[in-house]
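Asks: Below is the structure I would like to discuss, written out as structure tokens.
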Amino acid sequence: MFKSPWVCSRCLIRTCRSGSRRTTRFHSSQSSTSSKAIYPALLTRARKIAAEYKTVSEQLLDDYDVNSAKKTGELAPVANALKRWEDANESRRELRALLDDPTTDSELRVLAAEDLDTSTQQLNEASQSLTKSLVPKNPSDDLPCLIEIRPGAGGGEATLFAEDLLGMYRAYCSERGLRTKILNLESVDSGGISEAILEVESPGAYGTLRCEAGVHRVQRVPATETKGRTHTSSAAVMVLPSFPSSQPDESLRIDVNDPNSDFFIDPKEVRLDVMRASGAGGQHVNKTESAVRLTHIPTSTVVAIQESRSQIANREKAWQVLRSRLAQVRKEAREEEMLKLRRSVVGVARIGRGDKIRTYNWGQQRITDHRSGMTVHGIEGILAGGANLEKLMVSVREWMVEREVEDMIVAAESA
Amino acid sequence: MPRLPRSLVAKAWRQDPLLPLLLRPCRDLGSARCELRWLKEHAAKVIKTASNKTHKSVLHQLCKQRARGKPLQYLIGSEYFGPIEIACRPGVLIPRPETAASVTYLIEQFCHKKSADLTENLKVLDLCSGTGCISLLFAHLFPFDQTKVSDLQVVGVDISKTALSLANLNRQKLMDLEPTTTSTSARRAEVEFILGDLRSDDSSRTGYSDLMEFLRLEGPVWDIIISNPPYISPKAFNTDTTRSVRNFEPRLALVPQISQQGLSDEEHGDVFYPQLLEIAEHVSSKILLMEVADMAQAERIAKVAKSWSKWDGVEIWCDEPAFDGHQKCSEVVEGVQVRGRGDGRSVFCWRGDAKIWLGK
Ligand SMILES: C[S@@+](CC[C@H](N)C(=O)[O-])C[C@H]1O[C@@H](n2cnc3c(N)ncnc32)[C@H](O)[C@@H]1O
């Protein structure tokens with residue numbers, strides 16, 4: 001199964017991972033001799049898609065149809081990337097022919113040799129963007145999301161850090177005009193929080209923020225520490241795609257009653273508890289408790305919401321959170337399959353939600369993301385959701401696309 | 001009431017100096033924190049309208065009143081009743097979530113295939129209507145699209161003028177300003193509140209005969225009666241109600257006011273139910289839903305209703321009637337089913353056409 005393509009995919013992965021920062025170096029050391037051929041199976045797929053694009057867009061000229069129009073919109077990036085790749089490939093081939101031809105005069109030869117370098121670089125870039133264009137779009141990326149934050153190891157420091165992270169994401173969102181709403185906030189008596197659920201209501205929030213999921217680690221001297229020792233603690237961040245029950249944008253509406261949807265939950269499997277203290281009810285008491293707790297019995301998933309004075313509003317929010325959590329579990333189970341496959345092929349582990357993804361070092365004012373390897377400086381700016389956080393997130397998103405490319409290649413190889 | 005542990009008060013104070021005030025009525029930190037958040041939101045709204053007051057002073061005032069036991073709903077001026085927000089004012093009972101659960105469950109009974117047979121003009125009485133919450137929730141939830149009902153008429157009756165004007169305010173807020181958003185404009189709900197006296201135990205009370213006359217003229221048939229009458233006995237009022245209820249909510253809404261002598265404490269608490277059963281006969285109701293204090297009262301009233309042998313079925317609904325647990329349908333008294341979980345919360349009687357509507 002993994003004969004010659006094996007090497008090929010390896011070198012493609014390397015190219016991807018090195019990213020733009022290293023292309024030049026890579027390029028000059030390898031010179032123009034090695035061609036950055038795109039993985040053949042992917043090229044075949046790209047050609048198929050381009051052919052389909054051609055047929056559909058021709059049909060569209062005769063007979064306009066919304067679905068076909070949508071389809072061409074989806075196929076176009078691949079067709080365009082393929083076109084660019086073919087152009088680059090062709091011009092490179094011509095230059096080569098020129099150089100290989102003994103009758104070519106020496107002046108022209110010098111020019112052609114210079115051009116070959118540029119055109120090889122162009123071909124590399126075209127290969128990369130063609131590969132990336134083939135990565136299937138994650139349909140959840142267009143959705144709003146929920147960010148759940150919980151303290152991890154480190155006691156009181158962790159609860160304080162969890163609160164810092166909440167502030168960071170709220171600031172990040174408000175800076176960029178993303179609407180947020182607190183769905184649940186549980187403060188800890190000694191300071192900090194034990195749980196926060198932040199809803200980011202703007203469409204596309206999941207695509208923007210999903211790179212934040214994982215364990216965030218903090219290194220700092222706690223206020224209570226007398227000897228000035230640095231402590232290490234952590235907080236876990238989960239980012240889940242969500243769809244409010246009232247989704248105004250039709251194209252984002254997900255049918256939660258469709259049993260095939262990740263978001264489907266059989267109501268019979270959910271127990272609803274309204275949290276009312278025992279004792280007399282009815283006219284005897286006028287309690288204000290509106291908290292609602294949902295338990296998904298098969299998975300023992302529990303969601304409790306007490307944000308609003310309206311029990312119905314709390315119930316709706318609880319369902320929304322429960323759906324998102326279960327959908328995530330289902331998605332992860334599917335990805336786990338993919339991961340197993342990939343481990344056997346590439347031997348690289350994916351960073352899961354239990355892995356530490358980023359370190360915030362207070363003393364050195366340094367924040368490092370362990371996935372992209374990027375480091376930025378200035379804790380305050382980061383916690384205020386500033387430009388450096390965006391920079392980190394962009395680097396991680398790129399890193400994630402590279403991982404998806406790997407997945408895609410593995411899938412193509414094992415197909 | 002047991003004193004709050006000092007450590008808890010200190011802890012609360014460290015989080016927010018206002019929290020200990022709220023700890024007094026709430027008793028636990030979690031609820032106190034929620035209430036503080038809601039009061040803060042409310043204070044922010046108040047100062048937007050009434051200037052020259054600072055957020056801090058408004059909030060402090062609110063917390064101090066709450067510490068003395070004034071219900072949060074009176075301070076904020078509303079309570080959620082199912083999905084609708086009902087305005088609340090001192091002098092009128094605050095709607096309870098259990099009542100909303102019963103009304104919602106009743107409506108769910110009509111979301112049944114055979115409910116299509118409900119009459120075209122459905123007439124509903126809400127006796128002892130208070131804020132008007134039951135009438136308004138019924139109209140709000142009614143499934144016009146699943147029945148052939150085109151005209152829904154709901155009339156709420158209360159003896160208190162304060163309650164009446166608040167109910168009218170609530171109707172305005174919920175119905176006049178946002179006309180019913182039902183699918184077809186031809187189908188409409190009309191809600192009206194009138195002053196009336198349900199008690200006929202004393203000939204000096206003319207309200208009752210006036211009410212009966214009104215019901216005969218406007219009816220004469222009223223298909224459904226829903227009622228959450230005063231049902232707390234004088235003794236239970238002193239021992240079983242919380243301070244906030246006892247000191248701040250109207251006694252008229254909680255304990256039946258009677259002139260008869262020689263009734264036992266229990267009989268005093270039950271006094272409204274025979275009256276409701278009688279009215280149901282006068283206006284030929286097919287469904288009667290009466291809220292009660294607990295399972296003991298539910299059993300007593302269910303027994304009385306059964307003994308009238310005019311109803312095809314009598315059931316007891318609990319706090320969470322929709323809860324489908326193992327004890328879905330246990331039987332307490334002969335032929336009386338219990339639905340849901342929690343304490344006994346209402347007695348439900350039906351007969352005649354209601355059998356079809358409810359898919360029985
Ligand atoms: C327990 S409250 C119920 C209010 C409202 N239906 C609710 O569920 O929140 C009882 C109401 O009955 C009214 N009431 C008391 N005695 C009455 C009587 N004799 N006739 C009519 N209404 C009466 C009170 O004014 C009060 O508003």
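Lettering and numbering for the structure tokens are positional, with chains as A, B, ... in the shown order, residues counted from 1 in each chain, and ligands counted from 1 in the shown order.
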List all protein, DNA and RNA residues that have at least one atom no more than 9 Å from any atom of ligand 1, counting only C-alpha atoms and all ligand atoms, and write them as a PyMOL selection string.

Replies: (chain A and resi 282-283) or (chain B and resi 91-96+99-100+126-135+156-164+195-200+207-208+226-231+250-258+272+291)

Asks: Selected residues, N, CA and C atoms, written as a compact mmCIF listing (two decimals), in the first residue's frame, please.

Replies:
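Listing of again18.txt after writing:
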```
# COMPACT_ATOMS: atom_id res chain seq x y z
N GLY A 282 -45.39 25.39 45.95
CA GLY A 282 -46.64 26.11 45.72
C GLY A 282 -46.66 27.45 46.42
N GLN A 283 -47.81 27.81 46.95
CA GLN A 283 -47.98 29.14 47.54
C GLN A 283 -47.13 29.36 48.81
N GLY B 91 -48.96 43.24 46.96
CA GLY B 91 -50.42 43.24 47.01
C GLY B 91 -51.01 42.17 46.12
N VAL B 92 -50.19 41.59 45.24
CA VAL B 92 -50.68 40.51 44.36
C VAL B 92 -49.68 39.36 44.44
N LEU B 93 -50.22 38.16 44.56
CA LEU B 93 -49.36 36.98 44.70
C LEU B 93 -48.42 36.82 43.49
N ILE B 94 -47.19 36.45 43.80
CA ILE B 94 -46.19 36.20 42.75
C ILE B 94 -46.50 34.83 42.12
N PRO B 95 -46.53 34.75 40.81
CA PRO B 95 -46.79 33.45 40.17
C PRO B 95 -45.71 32.43 40.54
N ARG B 96 -46.13 31.16 40.69
CA ARG B 96 -45.21 30.10 41.08
C ARG B 96 -44.90 29.19 39.90
N THR B 99 -47.29 26.24 39.18
CA THR B 99 -48.54 26.57 38.49
C THR B 99 -48.30 26.58 36.97
N ALA B 100 -47.18 27.18 36.59
CA ALA B 100 -46.85 27.22 35.16
C ALA B 100 -46.69 25.80 34.61
N ASP B 126 -60.50 31.39 34.38
CA ASP B 126 -59.36 31.33 35.30
C ASP B 126 -59.87 31.97 36.59
N LEU B 127 -60.27 31.13 37.54
CA LEU B 127 -60.88 31.66 38.75
C LEU B 127 -59.79 31.93 39.80
N CYS B 128 -59.82 33.12 40.36
CA CYS B 128 -58.78 33.62 41.27
C CYS B 128 -57.53 33.94 40.45
N SER B 129 -57.65 34.88 39.57
CA SER B 129 -56.64 35.04 38.52
C SER B 129 -55.38 35.81 38.94
N GLY B 130 -55.43 36.58 40.05
CA GLY B 130 -54.22 37.28 40.53
C GLY B 130 -53.59 38.15 39.45
N THR B 131 -52.30 37.89 39.16
CA THR B 131 -51.59 38.66 38.12
C THR B 131 -52.13 38.39 36.72
N GLY B 132 -52.97 37.36 36.58
CA GLY B 132 -53.46 36.99 35.26
C GLY B 132 -52.56 35.98 34.56
N CYS B 133 -51.59 35.48 35.30
CA CYS B 133 -50.56 34.63 34.69
C CYS B 133 -51.15 33.38 34.02
N ILE B 134 -52.12 32.73 34.67
CA ILE B 134 -52.65 31.48 34.11
C ILE B 134 -53.35 31.76 32.78
N SER B 135 -54.24 32.78 32.78
CA SER B 135 -54.97 33.13 31.56
C SER B 135 -54.01 33.44 30.42
N GLY B 156 -60.55 35.85 33.30
CA GLY B 156 -59.99 35.70 34.64
C GLY B 156 -60.86 36.45 35.64
N VAL B 157 -61.06 35.84 36.80
CA VAL B 157 -61.90 36.46 37.82
C VAL B 157 -61.12 36.60 39.12
N ASP B 158 -61.18 37.76 39.72
CA ASP B 158 -60.52 37.94 41.02
C ASP B 158 -61.30 38.95 41.86
N ILE B 159 -61.18 38.80 43.16
CA ILE B 159 -61.92 39.68 44.07
C ILE B 159 -61.14 40.96 44.35
N SER B 160 -59.85 40.93 44.06
CA SER B 160 -59.00 42.05 44.44
C SER B 160 -58.82 43.04 43.29
N LYS B 161 -59.09 44.32 43.60
CA LYS B 161 -58.95 45.35 42.56
C LYS B 161 -57.48 45.54 42.19
N THR B 162 -56.61 45.40 43.19
CA THR B 162 -55.17 45.52 42.91
C THR B 162 -54.74 44.45 41.91
N ALA B 163 -55.23 43.24 42.16
CA ALA B 163 -54.89 42.14 41.25
C ALA B 163 -55.45 42.43 39.86
N LEU B 164 -56.68 42.89 39.83
CA LEU B 164 -57.34 43.14 38.55
C LEU B 164 -56.56 44.14 37.70
N LEU B 195 -63.86 41.64 37.89
CA LEU B 195 -63.94 41.58 39.33
C LEU B 195 -65.06 40.62 39.70
N GLY B 196 -64.85 39.76 40.66
CA GLY B 196 -65.91 38.83 41.03
C GLY B 196 -65.57 38.10 42.31
N ASP B 197 -66.61 37.61 42.97
CA ASP B 197 -66.43 36.91 44.25
C ASP B 197 -66.88 35.47 44.07
N LEU B 198 -66.02 34.53 44.41
CA LEU B 198 -66.36 33.13 44.24
C LEU B 198 -67.09 32.55 45.43
N ARG B 199 -67.05 33.26 46.55
CA ARG B 199 -67.60 32.67 47.76
C ARG B 199 -69.04 33.11 47.94
N SER B 200 -69.91 32.14 48.31
CA SER B 200 -71.33 32.45 48.47
C SER B 200 -71.77 32.14 49.89
N GLY B 207 -71.22 39.63 45.24
CA GLY B 207 -70.31 39.38 44.11
C GLY B 207 -70.58 38.05 43.44
N TYR B 208 -70.96 37.05 44.24
CA TYR B 208 -71.11 35.71 43.70
C TYR B 208 -72.26 35.63 42.71
N ILE B 226 -59.75 26.66 35.14
CA ILE B 226 -58.46 26.49 35.82
C ILE B 226 -58.50 27.40 37.03
N SER B 227 -58.02 26.91 38.16
CA SER B 227 -58.04 27.77 39.33
C SER B 227 -56.88 27.47 40.27
N ASN B 228 -56.27 28.55 40.74
CA ASN B 228 -55.28 28.44 41.80
C ASN B 228 -55.81 29.29 42.95
N PRO B 229 -56.72 28.73 43.74
CA PRO B 229 -57.38 29.52 44.78
C PRO B 229 -56.52 29.61 46.03
N PRO B 230 -56.87 30.46 46.98
CA PRO B 230 -56.18 30.42 48.28
C PRO B 230 -56.42 29.03 48.88
N TYR B 231 -55.35 28.36 49.31
CA TYR B 231 -55.56 27.00 49.82
C TYR B 231 -54.79 26.69 51.10
N PRO B 250 -49.91 38.95 49.86
CA PRO B 250 -51.22 39.21 50.45
C PRO B 250 -51.87 37.96 51.04
N ARG B 251 -52.29 38.06 52.27
CA ARG B 251 -52.93 36.93 52.94
C ARG B 251 -54.19 36.50 52.20
N LEU B 252 -54.88 37.48 51.63
CA LEU B 252 -56.10 37.20 50.87
C LEU B 252 -55.87 36.17 49.77
N ALA B 253 -54.66 36.17 49.22
CA ALA B 253 -54.36 35.25 48.12
C ALA B 253 -53.97 33.87 48.62
N LEU B 254 -53.67 33.77 49.91
CA LEU B 254 -53.10 32.53 50.43
C LEU B 254 -54.07 31.74 51.30
N VAL B 255 -54.76 32.45 52.20
CA VAL B 255 -55.65 31.80 53.16
C VAL B 255 -57.09 32.21 52.83
N PRO B 256 -57.98 31.24 52.64
CA PRO B 256 -59.38 31.61 52.34
C PRO B 256 -59.96 32.51 53.44
N GLN B 257 -60.59 33.61 53.04
CA GLN B 257 -61.24 34.51 53.98
C GLN B 257 -62.70 34.07 54.10
N ILE B 258 -63.08 33.64 55.28
CA ILE B 258 -64.45 33.11 55.40
C ILE B 258 -65.15 33.71 56.60
N PHE B 272 -62.43 26.52 49.25
CA PHE B 272 -62.72 26.96 47.87
C PHE B 272 -63.13 25.82 46.93
N GLU B 291 -55.42 23.87 41.56
CA GLU B 291 -54.16 23.70 42.28
C GLU B 291 -54.43 23.43 43.76
```

Asks: Dump as a ChimeraX atom specification the residues of chain A that approach chain B to within 6 Å, counting only C-alpha atoms.

Replies: /A:284-285,310,312

Asks: Can I get the selected residues back with all heavy atoms, as a PDB file, in the first residue's frame?

Replies:
```
ATOM      1  N   HIS A 284     -46.666  28.270  49.416  1.00  0.00           N
ATOM      2  CA  HIS A 284     -45.937  28.414  50.689  1.00  0.00           C
ATOM      3  C   HIS A 284     -44.598  29.123  50.558  1.00  0.00           C
ATOM      4  O   HIS A 284     -44.091  29.677  51.501  1.00  0.00           O
ATOM      5  CB  HIS A 284     -45.677  27.044  51.319  1.00  0.00           C
ATOM      6  CG  HIS A 284     -46.929  26.258  51.552  1.00  0.00           C
ATOM      7  ND1 HIS A 284     -47.461  25.432  50.584  1.00  0.00           N
ATOM      8  CD2 HIS A 284     -47.754  26.180  52.612  1.00  0.00           C
ATOM      9  CE1 HIS A 284     -48.566  24.866  51.059  1.00  0.00           C
ATOM     10  NE2 HIS A 284     -48.767  25.308  52.279  1.00  0.00           N
ATOM     11  N   VAL A 285     -43.997  29.035  49.377  1.00  0.00           N
ATOM     12  CA  VAL A 285     -42.658  29.612  49.199  1.00  0.00           C
ATOM     13  C   VAL A 285     -42.631  30.464  47.938  1.00  0.00           C
ATOM     14  O   VAL A 285     -43.435  30.270  47.039  1.00  0.00           O
ATOM     15  CB  VAL A 285     -41.580  28.510  49.069  1.00  0.00           C
ATOM     16  CG1 VAL A 285     -41.427  27.732  50.343  1.00  0.00           C
ATOM     17  CG2 VAL A 285     -41.905  27.591  47.909  1.00  0.00           C
ATOM     18  N   SER A 310     -35.281  33.156  34.116  1.00  0.00           N
ATOM     19  CA  SER A 310     -36.275  32.342  33.431  1.00  0.00           C
ATOM     20  C   SER A 310     -35.803  30.899  33.318  1.00  0.00           C
ATOM     21  O   SER A 310     -34.767  30.609  32.737  1.00  0.00           O
ATOM     22  CB  SER A 310     -36.544  32.913  32.038  1.00  0.00           C
ATOM     23  OG  SER A 310     -37.106  31.910  31.208  1.00  0.00           O
ATOM     24  N   ILE A 312     -37.177  28.571  31.642  1.00  0.00           N
ATOM     25  CA  ILE A 312     -37.267  28.123  30.245  1.00  0.00           C
ATOM     26  C   ILE A 312     -36.016  28.540  29.483  1.00  0.00           C
ATOM     27  O   ILE A 312     -35.459  27.762  28.718  1.00  0.00           O
ATOM     28  CB  ILE A 312     -38.516  28.723  29.563  1.00  0.00           C
ATOM     29  CG1 ILE A 312     -39.760  28.193  30.264  1.00  0.00           C
ATOM     30  CG2 ILE A 312     -38.498  28.450  28.063  1.00  0.00           C
ATOM     31  CD1 ILE A 312     -40.653  27.329  29.443  1.00  0.00           C
TER      32      ILE A 312
END
```

Asks: Provide the CA of Val58 in chain B to CA of Glu307 in chain A distance in Å, to one decimal place.

Replies: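 So the two atoms, CA of Val58 in chain B and CA of Glu307 in chain A, lie 22.0 Å apart.
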
Asks: I'd like to know which residues of range 111-339 of chain B are helix (DSSP H, G or I) (by DSSP, run on the backbone); could you write them as a count of residues only?

Replies: 92

Asks: Between A:Thr208, A:Ala196, A:Arg330, A:Leu166, which has the minimum distance to Leu178 in chain A (counting only C-alpha atoms)?

Replies: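 The closest residue to Leu178 in chain A is A:Thr208.
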
Asks: Mind checking DSSP for range 188-257 of chain B and telling me the strand (DSSP E or B) residues as a ChimeraX atom specification?

Replies: /B:188-195,224-227

Asks: For the residues selected in the previous step, produce a file with all heavy atoms as a tab-separated table (two decimals), in the first residue's frame.

Replies:
```tsv
chain	number	residue	atom	x	y	z
B	188	ARG	N	-57.94	33.62	16.95
B	188	ARG	CA	-57.50	34.63	17.89
B	188	ARG	C	-57.81	34.23	19.33
B	188	ARG	O	-58.74	33.45	19.58
B	188	ARG	CB	-58.12	35.97	17.56
B	188	ARG	CG	-59.60	35.91	17.61
B	188	ARG	CD	-60.25	36.96	16.77
B	188	ARG	NE	-61.69	36.82	16.97
B	188	ARG	CZ	-62.36	37.46	17.90
B	188	ARG	NH1	-61.77	38.32	18.68
B	188	ARG	NH2	-63.66	37.25	18.05
B	189	ALA	N	-57.06	34.80	20.21
B	189	ALA	CA	-57.29	34.59	21.63
B	189	ALA	C	-57.70	35.92	22.23
B	189	ALA	O	-57.12	36.96	21.92
B	189	ALA	CB	-56.01	34.09	22.29
B	190	GLU	N	-58.71	35.87	23.06
B	190	GLU	CA	-59.17	37.08	23.71
B	190	GLU	C	-59.09	36.82	25.22
B	190	GLU	O	-59.59	35.82	25.71
B	190	GLU	CB	-60.62	37.32	23.30
B	190	GLU	CG	-61.12	38.71	23.52
B	190	GLU	CD	-62.57	38.79	23.13
B	190	GLU	OE1	-62.87	38.79	21.91
B	190	GLU	OE2	-63.41	38.80	24.05
B	191	VAL	N	-58.42	37.72	25.92
B	191	VAL	CA	-58.29	37.54	27.36
B	191	VAL	C	-58.89	38.76	28.06
B	191	VAL	O	-58.66	39.90	27.64
B	191	VAL	CB	-56.80	37.38	27.77
B	191	VAL	CG1	-56.68	37.22	29.28
B	191	VAL	CG2	-56.18	36.18	27.06
B	192	GLU	N	-59.65	38.49	29.10
B	192	GLU	CA	-60.36	39.57	29.79
B	192	GLU	C	-60.32	39.29	31.29
B	192	GLU	O	-60.36	38.13	31.70
B	192	GLU	CB	-61.80	39.54	29.27
B	192	GLU	CG	-62.68	40.67	29.72
B	192	GLU	CD	-64.13	40.41	29.31
B	192	GLU	OE1	-64.41	39.44	28.56
B	192	GLU	OE2	-64.99	41.17	29.76
B	193	PHE	N	-60.23	40.34	32.08
B	193	PHE	CA	-60.24	40.12	33.54
B	193	PHE	C	-61.40	40.88	34.16
B	193	PHE	O	-61.64	42.04	33.82
B	193	PHE	CB	-58.91	40.58	34.14
B	193	PHE	CG	-57.75	39.76	33.67
B	193	PHE	CD1	-56.90	40.24	32.68
B	193	PHE	CD2	-57.55	38.47	34.16
B	193	PHE	CE1	-55.84	39.47	32.21
B	193	PHE	CE2	-56.48	37.70	33.70
B	193	PHE	CZ	-55.63	38.20	32.72
B	194	ILE	N	-62.12	40.21	35.05
B	194	ILE	CA	-63.25	40.88	35.70
B	194	ILE	C	-63.18	40.72	37.21
B	194	ILE	O	-62.55	39.78	37.73
B	194	ILE	CB	-64.61	40.33	35.19
B	194	ILE	CG1	-64.74	38.84	35.52
B	194	ILE	CG2	-64.78	40.58	33.70
B	194	ILE	CD1	-66.16	38.34	35.38
B	195	LEU	N	-63.86	41.64	37.89
B	195	LEU	CA	-63.94	41.58	39.33
B	195	LEU	C	-65.06	40.62	39.70
B	195	LEU	O	-66.13	40.66	39.10
B	195	LEU	CB	-64.26	43.00	39.85
B	195	LEU	CG	-63.78	43.40	41.23
B	195	LEU	CD1	-62.28	43.26	41.35
B	195	LEU	CD2	-64.23	44.83	41.52
B	224	ILE	N	-63.56	24.97	30.01
B	224	ILE	CA	-62.44	24.63	30.89
B	224	ILE	C	-62.38	25.60	32.06
B	224	ILE	O	-62.51	26.82	31.86
B	224	ILE	CB	-61.10	24.70	30.11
B	224	ILE	CG1	-61.11	23.70	28.95
B	224	ILE	CG2	-59.90	24.45	31.03
B	224	ILE	CD1	-59.90	23.80	28.03
B	225	ILE	N	-62.18	25.09	33.27
B	225	ILE	CA	-61.92	25.96	34.42
B	225	ILE	C	-60.55	25.62	34.97
B	225	ILE	O	-60.23	24.45	35.21
B	225	ILE	CB	-62.97	25.78	35.54
B	225	ILE	CG1	-64.36	26.19	35.03
B	225	ILE	CG2	-62.60	26.60	36.76
B	225	ILE	CD1	-65.45	26.07	36.09
B	226	ILE	N	-59.75	26.66	35.14
B	226	ILE	CA	-58.46	26.49	35.82
B	226	ILE	C	-58.50	27.40	37.03
B	226	ILE	O	-58.99	28.53	36.94
B	226	ILE	CB	-57.28	26.91	34.92
B	226	ILE	CG1	-57.38	26.24	33.55
B	226	ILE	CG2	-55.95	26.56	35.58
B	226	ILE	CD1	-56.35	26.74	32.55
B	227	SER	N	-58.02	26.91	38.16
B	227	SER	CA	-58.04	27.77	39.33
B	227	SER	C	-56.88	27.47	40.27
B	227	SER	O	-56.56	26.32	40.53
B	227	SER	CB	-59.36	27.61	40.10
B	227	SER	OG	-59.33	28.42	41.25
```

Asks: Separation of CA of Val155 in chain B and CA of Pro220 in chain B, in Å?

Replies: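 So the two atoms, CA of Val155 in chain B and CA of Pro220 in chain B, lie 13.2 Å apart.
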
Asks: Name the residues in contact with range 64-81 of chain A at a cut-off of 6 Å, using only C-alpha atoms, excluding same-chain residues fewer than 2 positions from it; report them as a ChimeraX atom specification.

Replies: /A:50,53,60,83-84,130,133

Asks: Give me a file of those residues, with all heavy atoms, as a JSON list (two decimals), in the first residue's frame.

Replies:
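To be explicit, this is the file written out as again00.json:
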```json
[["chain", "number", "residue", "atom", "x", "y", "z"],
["A", 50, "ALA", "N", -11.82, 19.42, -10.93],
["A", 50, "ALA", "CA", -11.79, 20.48, -11.94],
["A", 50, "ALA", "C", -12.69, 20.13, -13.13],
["A", 50, "ALA", "O", -13.39, 20.98, -13.67],
["A", 50, "ALA", "CB", -10.36, 20.71, -12.40],
["A", 53, "TYR", "N", -16.14, 20.68, -12.08],
["A", 53, "TYR", "CA", -16.39, 22.12, -12.05],
["A", 53, "TYR", "C", -16.75, 22.62, -13.43],
["A", 53, "TYR", "O", -17.69, 23.40, -13.61],
["A", 53, "TYR", "CB", -15.15, 22.83, -11.52],
["A", 53, "TYR", "CG", -15.21, 24.33, -11.62],
["A", 53, "TYR", "CD1", -16.04, 25.07, -10.78],
["A", 53, "TYR", "CD2", -14.46, 25.01, -12.57],
["A", 53, "TYR", "CE1", -16.11, 26.44, -10.89],
["A", 53, "TYR", "CE2", -14.51, 26.38, -12.68],
["A", 53, "TYR", "CZ", -15.35, 27.10, -11.83],
["A", 53, "TYR", "OH", -15.41, 28.45, -11.93],
["A", 60, "LEU", "N", -24.65, 25.38, -15.89],
["A", 60, "LEU", "CA", -25.20, 26.55, -15.23],
["A", 60, "LEU", "C", -25.52, 27.67, -16.22],
["A", 60, "LEU", "O", -26.45, 28.44, -16.04],
["A", 60, "LEU", "CB", -24.18, 27.05, -14.19],
["A", 60, "LEU", "CG", -24.74, 27.72, -12.94],
["A", 60, "LEU", "CD1", -25.74, 26.83, -12.26],
["A", 60, "LEU", "CD2", -23.59, 28.05, -12.00],
["A", 83, "LYS", "N", -5.38, 25.09, -11.89],
["A", 83, "LYS", "CA", -4.97, 25.88, -13.07],
["A", 83, "LYS", "C", -3.62, 26.54, -12.81],
["A", 83, "LYS", "O", -2.70, 26.47, -13.64],
["A", 83, "LYS", "CB", -6.06, 26.91, -13.34],
["A", 83, "LYS", "CG", -5.79, 27.88, -14.47],
["A", 83, "LYS", "CD", -6.26, 27.28, -15.80],
["A", 83, "LYS", "CE", -6.10, 28.22, -16.99],
["A", 83, "LYS", "NZ", -4.80, 28.81, -17.15],
["A", 84, "ARG", "N", -3.49, 27.15, -11.65],
["A", 84, "ARG", "CA", -2.23, 27.82, -11.31],
["A", 84, "ARG", "C", -1.07, 26.80, -11.28],
["A", 84, "ARG", "O", 0.02, 27.07, -11.75],
["A", 84, "ARG", "CB", -2.33, 28.54, -9.96],
["A", 84, "ARG", "CG", -2.90, 29.94, -10.08],
["A", 84, "ARG", "CD", -2.61, 30.75, -8.83],
["A", 84, "ARG", "NE", -3.13, 30.10, -7.62],
["A", 84, "ARG", "CZ", -4.39, 30.18, -7.23],
["A", 84, "ARG", "NH1", -5.25, 30.89, -7.93],
["A", 84, "ARG", "NH2", -4.79, 29.58, -6.15],
["A", 130, "LEU", "N", -2.66, 24.12, -3.80],
["A", 130, "LEU", "CA", -3.55, 23.11, -4.38],
["A", 130, "LEU", "C", -3.88, 22.06, -3.32],
["A", 130, "LEU", "O", -5.03, 21.67, -3.14],
["A", 130, "LEU", "CB", -2.89, 22.47, -5.60],
["A", 130, "LEU", "CG", -3.68, 21.34, -6.27],
["A", 130, "LEU", "CD1", -5.08, 21.81, -6.67],
["A", 130, "LEU", "CD2", -2.95, 20.80, -7.50],
["A", 133, "SER", "N", -6.26, 23.47, -0.86],
["A", 133, "SER", "CA", -7.61, 23.67, -1.39],
["A", 133, "SER", "C", -8.39, 22.36, -1.39],
["A", 133, "SER", "O", -9.61, 22.36, -1.41],
["A", 133, "SER", "CB", -7.55, 24.24, -2.81],
["A", 133, "SER", "OG", -7.20, 23.21, -3.74]]
```

Asks: Excluding Ala44 in chain B and any residue of its chain fewer than 5 positions from it, enumerate the residues within 10 Å of it, using only C-alpha atoms, and give them as a list of chain:residue names.

Replies: B:Trp38, B:Leu39, B:Thr49, B:Thr54, B:His55, B:Lys56, B:Val58, B:Leu59
